[in-house]
Amino acid sequence: MSINTNLIRHRDSKGWTQEQLAEAIGVSRSTVAKWEAGKGTPKVENLIVLSRVLDVSIDSLLMD
């Protein structure tokens, strides 16, 4: 798996929409959509926030 599929899996496990995740981490919904489509990757700062908000390790976002 890659970061985009891991991000989708963790977001879905919380029952959140892309919009809800975007609001929680302070980015736009289109940014989350881009990450999930594999057309970009989060910056390190956003990975840290994602791991905290989703309550997962950074490793679980980056690899599986």
# chains A, B, ... in the order shown; residues from 1 in each chain; ligands from 1
$ residues_around --residues "A:Lys39" --least-positions-apart "5" --cutoff "12 Å" --atoms "only C-alpha atoms" --output "PyMOL selection string"
chain A and resi 2-4+30-34
$ write_last_selection --atoms "N, CA and C atoms" --output "CSV table (one decimal), in the first residue's frame"
chain,number,residue,atom,x,y,z
A,2,SER,N,0.3,2.3,-0.4
A,2,SER,CA,1.0,3.6,-0.4
A,2,SER,C,0.3,4.6,0.5
A,3,ILE,N,0.9,5.8,0.6
A,3,ILE,CA,0.3,6.8,1.5
A,3,ILE,C,-1.1,7.1,1.1
A,4,ASN,N,-1.5,7.1,-0.2
A,4,ASN,CA,-2.8,7.5,-0.6
A,4,ASN,C,-3.8,6.5,-0.1
A,30,SER,N,-9.7,19.9,-1.4
A,30,SER,CA,-9.0,19.5,-2.6
A,30,SER,C,-7.6,19.0,-2.4
A,31,THR,N,-7.0,19.5,-1.3
A,31,THR,CA,-5.6,19.0,-1.0
A,31,THR,C,-5.7,17.5,-0.5
A,32,VAL,N,-6.7,17.2,0.3
A,32,VAL,CA,-6.9,15.8,0.8
A,32,VAL,C,-7.2,15.0,-0.4
A,33,ALA,N,-8.1,15.4,-1.3
A,33,ALA,CA,-8.5,14.7,-2.5
A,33,ALA,C,-7.2,14.4,-3.3
A,34,LYS,N,-6.4,15.4,-3.5
A,34,LYS,CA,-5.1,15.2,-4.3
A,34,LYS,C,-4.3,14.1,-3.7
$ residues_around --residues "A:Ile58" --least-positions-apart "2" --cutoff "12 Å" --atoms "only C-alpha atoms" --output "number ranges by chain"
A: 3, 6-7, 10, 42-56, 60-64
$ write_last_selection --atoms "N, CA, C and O atoms" --output "compact mmCIF listing (two decimals), in the first residue's frame"
# COMPACT_ATOMS: atom_id res chain seq x y z
N ILE A 3 0.87 5.75 0.57
CA ILE A 3 0.29 6.76 1.48
C ILE A 3 -1.15 7.09 1.10
O ILE A 3 -1.99 7.28 1.97
N ASN A 6 -3.38 4.27 2.35
CA ASN A 6 -3.36 4.26 3.82
C ASN A 6 -4.17 5.43 4.37
O ASN A 6 -4.90 5.27 5.36
N LEU A 7 -4.05 6.58 3.75
CA LEU A 7 -4.80 7.75 4.19
C LEU A 7 -6.30 7.51 4.05
O LEU A 7 -7.08 7.79 4.97
N HIS A 10 -7.41 4.98 6.81
CA HIS A 10 -7.49 5.57 8.16
C HIS A 10 -8.63 6.59 8.27
O HIS A 10 -9.30 6.66 9.29
N PRO A 42 1.59 14.61 1.37
CA PRO A 42 1.62 15.62 2.43
C PRO A 42 3.05 16.01 2.80
O PRO A 42 3.95 15.17 2.78
N LYS A 43 3.24 17.27 3.13
CA LYS A 43 4.52 17.72 3.67
C LYS A 43 4.70 17.10 5.05
O LYS A 43 3.73 16.66 5.68
N VAL A 44 5.92 17.09 5.52
CA VAL A 44 6.23 16.50 6.83
C VAL A 44 5.35 17.09 7.92
O VAL A 44 4.82 16.35 8.77
N GLU A 45 5.16 18.40 7.90
CA GLU A 45 4.33 19.05 8.92
C GLU A 45 2.91 18.50 8.90
O GLU A 45 2.30 18.29 9.95
N ASN A 46 2.39 18.28 7.70
CA ASN A 46 1.03 17.74 7.59
C ASN A 46 0.97 16.27 7.99
O ASN A 46 -0.05 15.81 8.52
N LEU A 47 2.03 15.52 7.74
CA LEU A 47 2.06 14.12 8.18
C LEU A 47 1.98 14.03 9.70
O LEU A 47 1.28 13.16 10.24
N ILE A 48 2.67 14.93 10.38
CA ILE A 48 2.64 14.94 11.84
C ILE A 48 1.22 15.22 12.32
O ILE A 48 0.70 14.52 13.20
N VAL A 49 0.58 16.22 11.73
CA VAL A 49 -0.79 16.56 12.13
C VAL A 49 -1.75 15.42 11.78
O VAL A 49 -2.61 15.05 12.58
N LEU A 50 -1.59 14.84 10.60
CA LEU A 50 -2.44 13.71 10.20
C LEU A 50 -2.32 12.56 11.20
O LEU A 50 -3.33 11.97 11.59
N SER A 51 -1.10 12.24 11.59
CA SER A 51 -0.92 11.12 12.52
C SER A 51 -1.61 11.40 13.85
O SER A 51 -2.20 10.51 14.45
N ARG A 52 -1.55 12.64 14.30
CA ARG A 52 -2.19 13.00 15.57
C ARG A 52 -3.71 12.97 15.45
O ARG A 52 -4.41 12.43 16.31
N VAL A 53 -4.22 13.57 14.39
CA VAL A 53 -5.68 13.66 14.20
C VAL A 53 -6.29 12.28 13.97
O VAL A 53 -7.36 11.97 14.50
N LEU A 54 -5.60 11.45 13.19
CA LEU A 54 -6.12 10.11 12.90
C LEU A 54 -5.75 9.09 13.98
O LEU A 54 -6.20 7.95 13.92
N ASP A 55 -4.90 9.50 14.93
CA ASP A 55 -4.46 8.64 16.02
C ASP A 55 -3.76 7.39 15.50
O ASP A 55 -4.06 6.26 15.91
N VAL A 56 -2.83 7.62 14.57
CA VAL A 56 -2.02 6.53 14.00
C VAL A 56 -0.57 7.01 13.94
O VAL A 56 -0.29 8.21 14.02
N SER A 60 2.46 4.14 9.86
CA SER A 60 1.25 3.51 9.31
C SER A 60 0.64 4.32 8.18
O SER A 60 -0.13 3.78 7.38
N LEU A 61 0.98 5.60 8.10
CA LEU A 61 0.54 6.40 6.97
C LEU A 61 1.44 6.16 5.75
O LEU A 61 0.97 6.15 4.61
N LEU A 62 2.73 6.00 6.01
CA LEU A 62 3.69 5.90 4.91
C LEU A 62 3.83 4.50 4.34
O LEU A 62 4.12 4.34 3.16
N MET A 63 3.68 3.48 5.17
CA MET A 63 3.85 2.10 4.68
C MET A 63 2.94 1.17 5.42
O MET A 63 2.36 1.51 6.44
N ASP A 64 2.82 -0.02 4.87
CA ASP A 64 1.95 -0.99 5.53
C ASP A 64 2.54 -2.37 5.43
O ASP A 64 3.30 -2.72 4.63
$ atom_distance --atom1 "atom CA of A:Trp35" --atom2 "atom CA of A:Thr17"
13.7 Å
$ select_by_dssp --residues "stretch 7-60 of chain A" --states "helix (DSSP H, G or I)" --output "PyMOL selection string"
chain A and resi 7-14+18-25+29-36+44-54+58-60
$ atom_distance --atom1 "atom CA of A:Gly15" --atom2 "atom CA of A:Thr41"
21.6 Å
$ atom_distance --atom1 "atom CA of A:Ile8" --atom2 "atom CA of A:Leu21"
10.4 Å
